[in-house]
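K.L.:
Could you have a look at this structure, given as structure tokens, before my questions?
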Amino acid sequence: MELAGIVGKPNVGKSTLFAALSMTDVEIANYPFTTKKPNVGITYVRLECLCRKLGLKDNPRNSLCVDGVRLVPIQIIDCPGIIHEAHKGKGLGLQFLDDIRQASVLVVVADASGGTLLDGTPAEPGSHDPVEDVSLVLNEFDIWLRDIIARHWTRISRAAEARQVSFTAEMGKALSGLGVNEKNIHDALNYLKLDVGKPTTWSQQDLLRLATELRVRTKPTVVAANKSDVPGSEAYVERLRKAGFDVVPCSAEAERTLRLAAAKGLVRYIPGDPDFQVVEGVSLTEAQRRALNKIREMVFSKWGGTGVQQVVNKAYLEKLRYIPVYPVENPHSLTDHEGNVLPDVYLMPPGSTPKDLAHKIHTELGEGYLYAVDALTGLRLADDSTLKPNQVVSIVSAKKRG
Ligand SMILES: Nc1nc2c(ncn2[C@@H]2O[C@H](COP(=O)(O)OP(=O)(O)OP(=O)(O)O)[C@@H](O)[C@H]2O)c(=O)[nH]1
Ligand SMILES: [Mg+2]
């Protein structure tokens, strides 16, 4: 399953964001290093479901459909906080990053209220510029990655110079567990103009630049500008944007409150909605009413929503540019073999072909791939055609699924 890694300096609300996204209980507190070990959970990418557009009642299997909103599961991991020199073992170090090696995106959480100092100590809002924190966290990540590269580099560069192996191919193999491939390495080295014929001459600084380029190519990053419910956060959101980051202002706390209220049947709210309504007939306590009013005033009126779902959607649909496609077995009824209508949605990387989809669904389906049909037009798809957003695809294979 797709994985997003949640990272950031201590005390910025990573675990609150994780808890809101996954609807699980984890430790949250106003001091640094509350989280000691990564938390693993599931959340969803929000899509407008095709069922509405086609006027069908669907039977989702690998995803959920709530009032025409299709929710496609992804995995998230909430990491302990990262401070300056974490790569030297400061704070809780960086070893936990091993758990997000396979992440396809990074969510860097920042405190947009400016209410946490560099080391995570709580302070008055407006005390600290979060731009610095995001750069620090990414730099620590890059050093962690450089150290992994460096471990392989000695052996591979010697062998490459002795013309026994290709540097990019061998390094691609060594880093495949990080989601880095040979092409990524080739592109990064080209961009950096590093002499691939003489890798033993590269400096530690060159390796760090290589690590940064590989991170940029393989771990696109969204900055979750959290605590944006706090007055004054607009200025820091703007500063984060000006620094060149892809920023989503959010309030993890507001989202968590709303999701819990929705689960209790107090409000109508689907994550990512631009508004919420109190369910008619329910009686709220005074404290609940005040909390909801505050969320409306400080979050929805100001930002048009909590921003939490937008963090995930931006990561998968804008940064990774994944394309939702609906595979079906029967192109006429748009069902699987059990008659479930539009049962599955897959998020495919841009440029994916029908055969890539077949492989993603099941190895055997991919191996026996014969051809595919666009179920809505009835037209056969060329083998090299690229999948389109919301395409309903029926795959014909010599081998049956499962
Ligand atoms: N105002 C406001 N406070 C928040 C928000 N999200 C989290 N907080 C508060 O920020 C503090 C830290 O929250 P955590 O979720 O524990 O932060 P963390 O980044 O996981 O912290 P570590 O695990 O220690 O690195 C807590 O007091 C939260 O209640 C938010 O959206 N708005
Ligand atoms: Mg935490």
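Convention: chains lettered A, B, ... in structure tokens order; per-chain residue numbering from 1; ligands numbered from 1 as shown.
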Got a sec to check which residues lie within 9 Å of ligand 1, using only C-alpha atoms and all ligand atoms, and send them as number ranges by chain?

P.N.:
A: 7-19, 26-37, 78-82, 109-111, 113, 116, 120, 122, 225-230, 250-256, 306

K.L.:
Could you write those residues out with C-alpha atoms, as a PDB file, in the first residue's frame?

P.N.:
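Okay, this is what ended up in again_4.pdb:
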```pdb
ATOM      1  CA  VAL A   7       7.951  14.052   9.969  1.00  0.00           C
ATOM      2  CA  GLY A   8       8.829  17.339  11.642  1.00  0.00           C
ATOM      3  CA  LYS A   9      10.477  18.891  14.640  1.00  0.00           C
ATOM      4  CA  PRO A  10       9.050  17.988  18.065  1.00  0.00           C
ATOM      5  CA  ASN A  11       5.727  19.282  19.381  1.00  0.00           C
ATOM      6  CA  VAL A  12       4.301  20.687  16.139  1.00  0.00           C
ATOM      7  CA  GLY A  13       1.266  18.368  16.056  1.00  0.00           C
ATOM      8  CA  LYS A  14       2.474  15.363  14.040  1.00  0.00           C
ATOM      9  CA  SER A  15       0.673  12.882  16.272  1.00  0.00           C
ATOM     10  CA  THR A  16      -2.459  15.034  16.364  1.00  0.00           C
ATOM     11  CA  LEU A  17      -2.446  15.047  12.556  1.00  0.00           C
ATOM     12  CA  PHE A  18      -1.869  11.293  12.555  1.00  0.00           C
ATOM     13  CA  ALA A  19      -4.682  10.744  15.069  1.00  0.00           C
ATOM     14  CA  VAL A  26      -1.984   8.018  20.184  1.00  0.00           C
ATOM     15  CA  GLU A  27      -0.113  10.004  22.765  1.00  0.00           C
ATOM     16  CA  ILE A  28      -0.403  13.772  22.272  1.00  0.00           C
ATOM     17  CA  ALA A  29       1.094  16.310  24.685  1.00  0.00           C
ATOM     18  CA  ASN A  30       2.497  19.819  24.784  1.00  0.00           C
ATOM     19  CA  TYR A  31       6.160  18.923  25.232  1.00  0.00           C
ATOM     20  CA  PRO A  32       8.909  17.603  22.916  1.00  0.00           C
ATOM     21  CA  PHE A  33       9.461  13.881  22.223  1.00  0.00           C
ATOM     22  CA  THR A  34       6.045  12.698  23.308  1.00  0.00           C
ATOM     23  CA  THR A  35       6.255  10.141  20.505  1.00  0.00           C
ATOM     24  CA  LYS A  36       9.105   7.692  21.097  1.00  0.00           C
ATOM     25  CA  LYS A  37       8.394   5.145  18.370  1.00  0.00           C
ATOM     26  CA  ASP A  78       3.934   9.318  12.441  1.00  0.00           C
ATOM     27  CA  CYS A  79       7.604   9.660  13.389  1.00  0.00           C
ATOM     28  CA  PRO A  80       9.250  10.998  16.550  1.00  0.00           C
ATOM     29  CA  GLY A  81      10.468  14.610  16.372  1.00  0.00           C
ATOM     30  CA  ILE A  82      13.667  15.577  14.542  1.00  0.00           C
ATOM     31  CA  VAL A 109       4.503  19.252   9.789  1.00  0.00           C
ATOM     32  CA  ALA A 110       5.340  22.786  10.902  1.00  0.00           C
ATOM     33  CA  ASP A 111       3.899  24.968  13.660  1.00  0.00           C
ATOM     34  CA  SER A 113       1.435  29.621  15.003  1.00  0.00           C
ATOM     35  CA  THR A 116       7.256  26.149  19.390  1.00  0.00           C
ATOM     36  CA  GLY A 120      10.198  21.852  20.377  1.00  0.00           C
ATOM     37  CA  PRO A 122       6.347  25.446  23.772  1.00  0.00           C
ATOM     38  CA  ALA A 225       1.286  24.343   8.287  1.00  0.00           C
ATOM     39  CA  ASN A 226      -0.446  23.180  11.453  1.00  0.00           C
ATOM     40  CA  LYS A 227      -2.055  25.125  14.322  1.00  0.00           C
ATOM     41  CA  SER A 228      -3.374  27.572  11.717  1.00  0.00           C
ATOM     42  CA  ASP A 229      -6.378  28.018  14.020  1.00  0.00           C
ATOM     43  CA  VAL A 230      -4.148  30.220  16.189  1.00  0.00           C
ATOM     44  CA  CYS A 250      -4.284  23.109   8.561  1.00  0.00           C
ATOM     45  CA  SER A 251      -5.628  22.522  12.019  1.00  0.00           C
ATOM     46  CA  ALA A 252      -5.143  18.931  13.072  1.00  0.00           C
ATOM     47  CA  GLU A 253      -6.878  19.611  16.356  1.00  0.00           C
ATOM     48  CA  ALA A 254     -10.022  20.971  14.668  1.00  0.00           C
ATOM     49  CA  GLU A 255     -10.106  18.009  12.280  1.00  0.00           C
ATOM     50  CA  ARG A 256      -9.763  15.544  15.130  1.00  0.00           C
ATOM     51  CA  THR A 306      -9.389  22.236   8.389  1.00  0.00           C
TER      52      THR A 306
END
```

K.L.:
Using only C-alpha atoms, which residues sit within 10 Å of Ser352 (chain A) once same-chain residues fewer than 6 positions away are excluded, as an NGL selection string?

P.N.:
:A and (322-323 or 384-388)

K.L.:
Write the residues of the selection above to a file with C-alpha atoms, as an mmCIF file, in the first residue's frame.

P.N.:
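Output below, filename result17.cif:
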```cif
data_model
loop_
_atom_site.group_PDB
_atom_site.id
_atom_site.type_symbol
_atom_site.label_atom_id
_atom_site.label_comp_id
_atom_site.auth_asym_id
_atom_site.auth_seq_id
_atom_site.Cartn_x
_atom_site.Cartn_y
_atom_site.Cartn_z
ATOM 1 C CA TYR A 322 -1.640 9.878 -9.240
ATOM 2 C CA ILE A 323 -4.607 8.967 -11.409
ATOM 3 C CA ASP A 384 0.944 1.839 -24.898
ATOM 4 C CA SER A 385 -1.994 4.111 -24.058
ATOM 5 C CA THR A 386 -1.783 5.938 -20.754
ATOM 6 C CA LEU A 387 -4.588 5.621 -18.256
ATOM 7 C CA LYS A 388 -6.880 8.643 -17.880
#
```

K.L.:
If we count only C-alpha atoms and set the cut-off at 7 Å, which residues sit around Glu182 (chain A), ignoring sequence neighbours fewer than 2 positions away in its own chain? Please answer as a PDB file with N, CA and C atoms, in the first residue's frame.

P.N.:
```pdb
ATOM      1  N   THR A 168      25.556   3.676 -11.689  1.00  0.00           N
ATOM      2  CA  THR A 168      24.131   3.987 -11.510  1.00  0.00           C
ATOM      3  C   THR A 168      23.296   2.713 -11.326  1.00  0.00           C
ATOM      4  N   ALA A 169      23.622   1.677 -12.117  1.00  0.00           N
ATOM      5  CA  ALA A 169      22.851   0.434 -12.000  1.00  0.00           C
ATOM      6  C   ALA A 169      23.047  -0.183 -10.616  1.00  0.00           C
ATOM      7  N   GLY A 172      21.505   1.941  -7.950  1.00  0.00           N
ATOM      8  CA  GLY A 172      20.050   1.787  -8.071  1.00  0.00           C
ATOM      9  C   GLY A 172      19.576   0.542  -7.331  1.00  0.00           C
ATOM     10  N   ASN A 184      16.561   7.604 -11.426  1.00  0.00           N
ATOM     11  CA  ASN A 184      16.653   8.713 -10.466  1.00  0.00           C
ATOM     12  C   ASN A 184      18.115   9.095 -10.248  1.00  0.00           C
ATOM     13  N   ILE A 185      18.966   8.063 -10.124  1.00  0.00           N
ATOM     14  CA  ILE A 185      20.382   8.317  -9.857  1.00  0.00           C
ATOM     15  C   ILE A 185      21.032   8.954 -11.082  1.00  0.00           C
ATOM     16  N   HIS A 186      20.724   8.423 -12.233  1.00  0.00           N
ATOM     17  CA  HIS A 186      21.247   8.972 -13.477  1.00  0.00           C
ATOM     18  C   HIS A 186      20.874  10.456 -13.609  1.00  0.00           C
TER      19      HIS A 186
END
```

K.L.:
Write out as a list in words each polymer residue whose atoms come within 6 Å of Pro199 (chain A), counting only C-alpha atoms; drop sequence neighbours fewer than 3 positions from it.

P.N.:
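What passes the distance filter is Ser157, Val196 and Trp202 of chain A.
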
K.L.:
Quick one: distance from CA of Gly305 (chain A) to CA of Val248 (chain A) in Å, one decimal?

P.N.:
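Calculated distance between CA of Gly305 (chain A) and CA of Val248 (chain A) is 10.9 Å.
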
K.L.:
When DSSP works through the backbone of this structure, what residues of region 3-217 of chain A end up as helix (DSSP H, G or I), shown as a PDB file with C-alpha atoms, in the first residue's frame?

P.N.:
```
ATOM      1  CA  LYS A  14       2.474  15.363  14.040  1.00  0.00           C
ATOM      2  CA  SER A  15       0.673  12.882  16.272  1.00  0.00           C
ATOM      3  CA  THR A  16      -2.459  15.034  16.364  1.00  0.00           C
ATOM      4  CA  LEU A  17      -2.446  15.047  12.556  1.00  0.00           C
ATOM      5  CA  PHE A  18      -1.869  11.293  12.555  1.00  0.00           C
ATOM      6  CA  ALA A  19      -4.682  10.744  15.069  1.00  0.00           C
ATOM      7  CA  ALA A  20      -7.070  12.893  13.045  1.00  0.00           C
ATOM      8  CA  LEU A  21      -6.155  11.164   9.794  1.00  0.00           C
ATOM      9  CA  SER A  22      -6.269   7.608  11.119  1.00  0.00           C
ATOM     10  CA  LEU A  50     -17.770   7.968 -10.348  1.00  0.00           C
ATOM     11  CA  CYS A  51     -20.967   6.462  -8.954  1.00  0.00           C
ATOM     12  CA  ARG A  52     -22.543   9.929  -8.780  1.00  0.00           C
ATOM     13  CA  LYS A  53     -21.576  10.925 -12.274  1.00  0.00           C
ATOM     14  CA  LEU A  54     -22.860   7.636 -13.700  1.00  0.00           C
ATOM     15  CA  ALA A  86      19.600  14.319  15.121  1.00  0.00           C
ATOM     16  CA  HIS A  87      21.948  12.477  12.719  1.00  0.00           C
ATOM     17  CA  LYS A  88      24.531  12.590  15.506  1.00  0.00           C
ATOM     18  CA  GLN A  95      16.919   5.550  13.135  1.00  0.00           C
ATOM     19  CA  PHE A  96      13.134   5.567  13.003  1.00  0.00           C
ATOM     20  CA  LEU A  97      13.396   6.950   9.446  1.00  0.00           C
ATOM     21  CA  ASP A  98      14.076   3.339   8.418  1.00  0.00           C
ATOM     22  CA  ASP A  99      10.322   2.830   8.826  1.00  0.00           C
ATOM     23  CA  ILE A 100       9.515   5.388   6.121  1.00  0.00           C
ATOM     24  CA  PRO A 130       8.776  27.706  11.201  1.00  0.00           C
ATOM     25  CA  VAL A 131      10.589  28.119   7.849  1.00  0.00           C
ATOM     26  CA  GLU A 132      13.834  27.272   9.589  1.00  0.00           C
ATOM     27  CA  ASP A 133      12.290  24.105  11.081  1.00  0.00           C
ATOM     28  CA  VAL A 134      11.220  22.666   7.746  1.00  0.00           C
ATOM     29  CA  SER A 135      14.676  23.210   6.245  1.00  0.00           C
ATOM     30  CA  LEU A 136      16.287  21.664   9.293  1.00  0.00           C
ATOM     31  CA  VAL A 137      14.134  18.540   9.112  1.00  0.00           C
ATOM     32  CA  LEU A 138      14.760  18.089   5.381  1.00  0.00           C
ATOM     33  CA  ASN A 139      18.486  18.613   5.905  1.00  0.00           C
ATOM     34  CA  GLU A 140      18.582  15.951   8.623  1.00  0.00           C
ATOM     35  CA  PHE A 141      16.684  13.611   6.300  1.00  0.00           C
ATOM     36  CA  ASP A 142      19.261  14.256   3.579  1.00  0.00           C
ATOM     37  CA  ILE A 143      22.158  13.533   5.931  1.00  0.00           C
ATOM     38  CA  TRP A 144      20.487  10.268   6.937  1.00  0.00           C
ATOM     39  CA  LEU A 145      20.137   9.396   3.245  1.00  0.00           C
ATOM     40  CA  ARG A 146      23.720  10.476   2.490  1.00  0.00           C
ATOM     41  CA  ASP A 147      24.969   8.122   5.181  1.00  0.00           C
ATOM     42  CA  ILE A 148      23.107   5.233   3.577  1.00  0.00           C
ATOM     43  CA  ILE A 149      24.524   6.167   0.163  1.00  0.00           C
ATOM     44  CA  ALA A 150      28.026   6.500   1.660  1.00  0.00           C
ATOM     45  CA  ARG A 151      27.839   2.955   3.048  1.00  0.00           C
ATOM     46  CA  HIS A 152      27.453   1.568  -0.482  1.00  0.00           C
ATOM     47  CA  TRP A 153      29.545   4.195  -2.245  1.00  0.00           C
ATOM     48  CA  THR A 154      33.033   2.937  -1.293  1.00  0.00           C
ATOM     49  CA  ARG A 155      32.430  -0.534  -2.699  1.00  0.00           C
ATOM     50  CA  ILE A 156      30.419   0.541  -5.741  1.00  0.00           C
ATOM     51  CA  SER A 157      32.676   3.401  -6.816  1.00  0.00           C
ATOM     52  CA  ARG A 158      35.790   1.183  -6.714  1.00  0.00           C
ATOM     53  CA  ALA A 159      34.078  -1.539  -8.714  1.00  0.00           C
ATOM     54  CA  ALA A 160      32.744   1.055 -11.178  1.00  0.00           C
ATOM     55  CA  GLU A 161      36.184   2.562 -11.731  1.00  0.00           C
ATOM     56  CA  PHE A 167      27.745   2.920 -10.896  1.00  0.00           C
ATOM     57  CA  THR A 168      24.131   3.987 -11.510  1.00  0.00           C
ATOM     58  CA  ALA A 169      22.851   0.434 -12.000  1.00  0.00           C
ATOM     59  CA  GLU A 170      24.608  -0.855  -8.886  1.00  0.00           C
ATOM     60  CA  MET A 171      23.600   2.113  -6.736  1.00  0.00           C
ATOM     61  CA  GLY A 172      20.050   1.787  -8.071  1.00  0.00           C
ATOM     62  CA  LYS A 173      19.977  -1.788  -6.773  1.00  0.00           C
ATOM     63  CA  ALA A 174      21.439  -0.752  -3.412  1.00  0.00           C
ATOM     64  CA  SER A 176      15.791   0.224  -4.308  1.00  0.00           C
ATOM     65  CA  GLY A 177      14.420  -0.240  -0.785  1.00  0.00           C
ATOM     66  CA  LEU A 178      14.214   3.548  -0.564  1.00  0.00           C
ATOM     67  CA  GLU A 182      18.641   3.739 -11.583  1.00  0.00           C
ATOM     68  CA  LYS A 183      16.984   6.527 -13.566  1.00  0.00           C
ATOM     69  CA  ASN A 184      16.653   8.713 -10.466  1.00  0.00           C
ATOM     70  CA  ILE A 185      20.382   8.317  -9.857  1.00  0.00           C
ATOM     71  CA  HIS A 186      21.247   8.972 -13.477  1.00  0.00           C
ATOM     72  CA  ASP A 187      19.121  12.152 -13.517  1.00  0.00           C
ATOM     73  CA  ALA A 188      20.502  13.412 -10.199  1.00  0.00           C
ATOM     74  CA  LEU A 189      24.132  12.866 -11.256  1.00  0.00           C
ATOM     75  CA  ASN A 190      23.471  14.603 -14.565  1.00  0.00           C
ATOM     76  CA  TYR A 191      21.884  17.548 -12.805  1.00  0.00           C
ATOM     77  CA  LEU A 192      24.790  17.818 -10.367  1.00  0.00           C
ATOM     78  CA  PRO A 199      33.026   8.494  -8.145  1.00  0.00           C
ATOM     79  CA  THR A 200      35.975   7.953  -5.757  1.00  0.00           C
ATOM     80  CA  THR A 201      36.827  11.652  -6.206  1.00  0.00           C
ATOM     81  CA  GLN A 204      31.069  14.108   1.401  1.00  0.00           C
ATOM     82  CA  GLN A 205      29.481  17.391   0.298  1.00  0.00           C
ATOM     83  CA  ASP A 206      28.911  15.927  -3.178  1.00  0.00           C
ATOM     84  CA  LEU A 207      27.247  12.908  -1.582  1.00  0.00           C
ATOM     85  CA  LEU A 208      24.980  15.201   0.437  1.00  0.00           C
ATOM     86  CA  ARG A 209      23.999  17.060  -2.724  1.00  0.00           C
ATOM     87  CA  LEU A 210      23.278  13.707  -4.344  1.00  0.00           C
ATOM     88  CA  ALA A 211      21.122  12.718  -1.362  1.00  0.00           C
ATOM     89  CA  THR A 212      19.156  15.973  -1.642  1.00  0.00           C
ATOM     90  CA  GLU A 213      18.571  15.486  -5.359  1.00  0.00           C
ATOM     91  CA  LEU A 214      17.432  11.902  -4.805  1.00  0.00           C
ATOM     92  CA  ARG A 215      15.058  12.995  -2.054  1.00  0.00           C
ATOM     93  CA  VAL A 216      13.583  15.703  -4.275  1.00  0.00           C
ATOM     94  CA  ARG A 217      13.063  13.137  -7.051  1.00  0.00           C
TER      95      ARG A 217
END
```

K.L.:
What's the separation between CA of Pro73 (chain A) and CA of Thr43 (chain A), in Å to one decimal place?

P.N.:
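For CA of Pro73 (chain A) relative to CA of Thr43 (chain A), the distance reads 5.6 Å.
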
K.L.:
Enumerate, as a JSON list (two decimals) with C-alpha atoms, in the first residue's frame, the complete set of residues in region 15-246 of chain A that a backbone-based DSSP assignment places in strand (DSSP E or B).

P.N.:
```json
[["chain", "number", "residue", "atom", "x", "y", "z"],
["A", 39, "ASN", "CA", 2.85, 5.12, 14.92],
["A", 40, "VAL", "CA", 1.43, 3.28, 11.93],
["A", 41, "GLY", "CA", -2.11, 3.78, 10.62],
["A", 42, "ILE", "CA", -4.43, 4.03, 7.66],
["A", 43, "THR", "CA", -6.02, 7.11, 6.14],
["A", 44, "TYR", "CA", -7.71, 7.91, 2.83],
["A", 45, "VAL", "CA", -7.28, 9.93, -0.32],
["A", 46, "ARG", "CA", -10.60, 11.66, -1.03],
["A", 47, "LEU", "CA", -12.04, 11.46, -4.55],
["A", 48, "GLU", "CA", -15.32, 12.37, -6.14],
["A", 64, "LEU", "CA", -15.09, 3.29, 0.81],
["A", 65, "CYS", "CA", -17.84, 5.44, -0.66],
["A", 66, "VAL", "CA", -19.62, 7.92, 1.60],
["A", 69, "VAL", "CA", -17.12, 10.58, -1.86],
["A", 70, "ARG", "CA", -14.72, 7.71, -2.64],
["A", 71, "LEU", "CA", -12.05, 7.14, 0.00],
["A", 72, "VAL", "CA", -8.97, 5.20, -1.11],
["A", 73, "PRO", "CA", -6.79, 3.84, 1.71],
["A", 74, "ILE", "CA", -3.11, 4.68, 2.15],
["A", 75, "GLN", "CA", -0.74, 4.00, 5.01],
["A", 76, "ILE", "CA", 0.69, 6.77, 7.20],
["A", 77, "ILE", "CA", 3.53, 6.69, 9.73],
["A", 78, "ASP", "CA", 3.93, 9.32, 12.44],
["A", 105, "VAL", "CA", 5.72, 11.29, -0.04],
["A", 106, "LEU", "CA", 6.82, 13.19, 3.02],
["A", 107, "VAL", "CA", 4.46, 15.33, 5.04],
["A", 108, "VAL", "CA", 6.58, 17.81, 6.98],
["A", 109, "VAL", "CA", 4.50, 19.25, 9.79],
["A", 110, "ALA", "CA", 5.34, 22.79, 10.90],
["A", 111, "ASP", "CA", 3.90, 24.97, 13.66],
["A", 116, "THR", "CA", 7.26, 26.15, 19.39],
["A", 122, "PRO", "CA", 6.35, 25.45, 23.77],
["A", 221, "THR", "CA", 7.07, 16.97, 0.11],
["A", 222, "VAL", "CA", 3.99, 18.76, 1.38],
["A", 223, "VAL", "CA", 4.32, 21.12, 4.33],
["A", 224, "ALA", "CA", 1.37, 20.88, 6.71],
["A", 225, "ALA", "CA", 1.29, 24.34, 8.29],
["A", 226, "ASN", "CA", -0.45, 23.18, 11.45]]
```

K.L.:
For Gly126 (chain A), list every protein, DNA or RNA residue within 7 Å, evaluated using only C-alpha atoms, and leave out those in the same chain fewer than 2 positions away; present the list as a ChimeraX atom specification.

P.N.:
/A:113-115,124,128

K.L.:
Would you put the residues from that selection into a file with C-alpha atoms, as a PDB file, in the first residue's frame?

P.N.:
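Result file is out.pdb:
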```pdb
ATOM      1  CA  SER A 113       1.435  29.621  15.003  1.00  0.00           C
ATOM      2  CA  GLY A 114       5.126  30.160  15.713  1.00  0.00           C
ATOM      3  CA  GLY A 115       4.492  28.776  19.185  1.00  0.00           C
ATOM      4  CA  GLU A 124       4.035  32.212  22.973  1.00  0.00           C
ATOM      5  CA  HIS A 128       9.572  31.296  16.229  1.00  0.00           C
TER       6      HIS A 128
END
```

K.L.:
What's the 8 Å shell around Val345 (chain A), counting only C-alpha atoms, without same-chain residues fewer than 4 positions away, as a list of chain:residue names?

P.N.:
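Once the adjacent positions are removed, what remains is A:Asn62, A:Ser63, A:Val72, A:Pro324, A:Val325, A:Tyr326, A:Pro327.
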
K.L.:
Could you check how far CA of Gln288 (chain A) sits from CA of Ala123 (chain A), in Å to one decimal?

P.N.:
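If I compute the distance from CA of Gln288 (chain A) to CA of Ala123 (chain A), I get 27.1 Å.
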
K.L.:
A:Gly68, A:Pro38, A:Pro331, A:Gly197: which is nearest ligand 2, counting only C-alpha atoms and all ligand atoms?

P.N.:
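Ranking A:Gly68, A:Pro38, A:Pro331, A:Gly197 by distance to ligand 2, first place goes to A:Pro38.
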
K.L.:
Identify, on the basis of only C-alpha atoms, every residue whose closest approach to region 354-360 of chain A does not exceed 8 Å; exclude the query and any residue fewer than 6 positions from it along the same chain; express the result as a PyMOL selection string.

P.N.:
chain A and resi 346+348+366-367+369+371-372+381+383-387+393+395
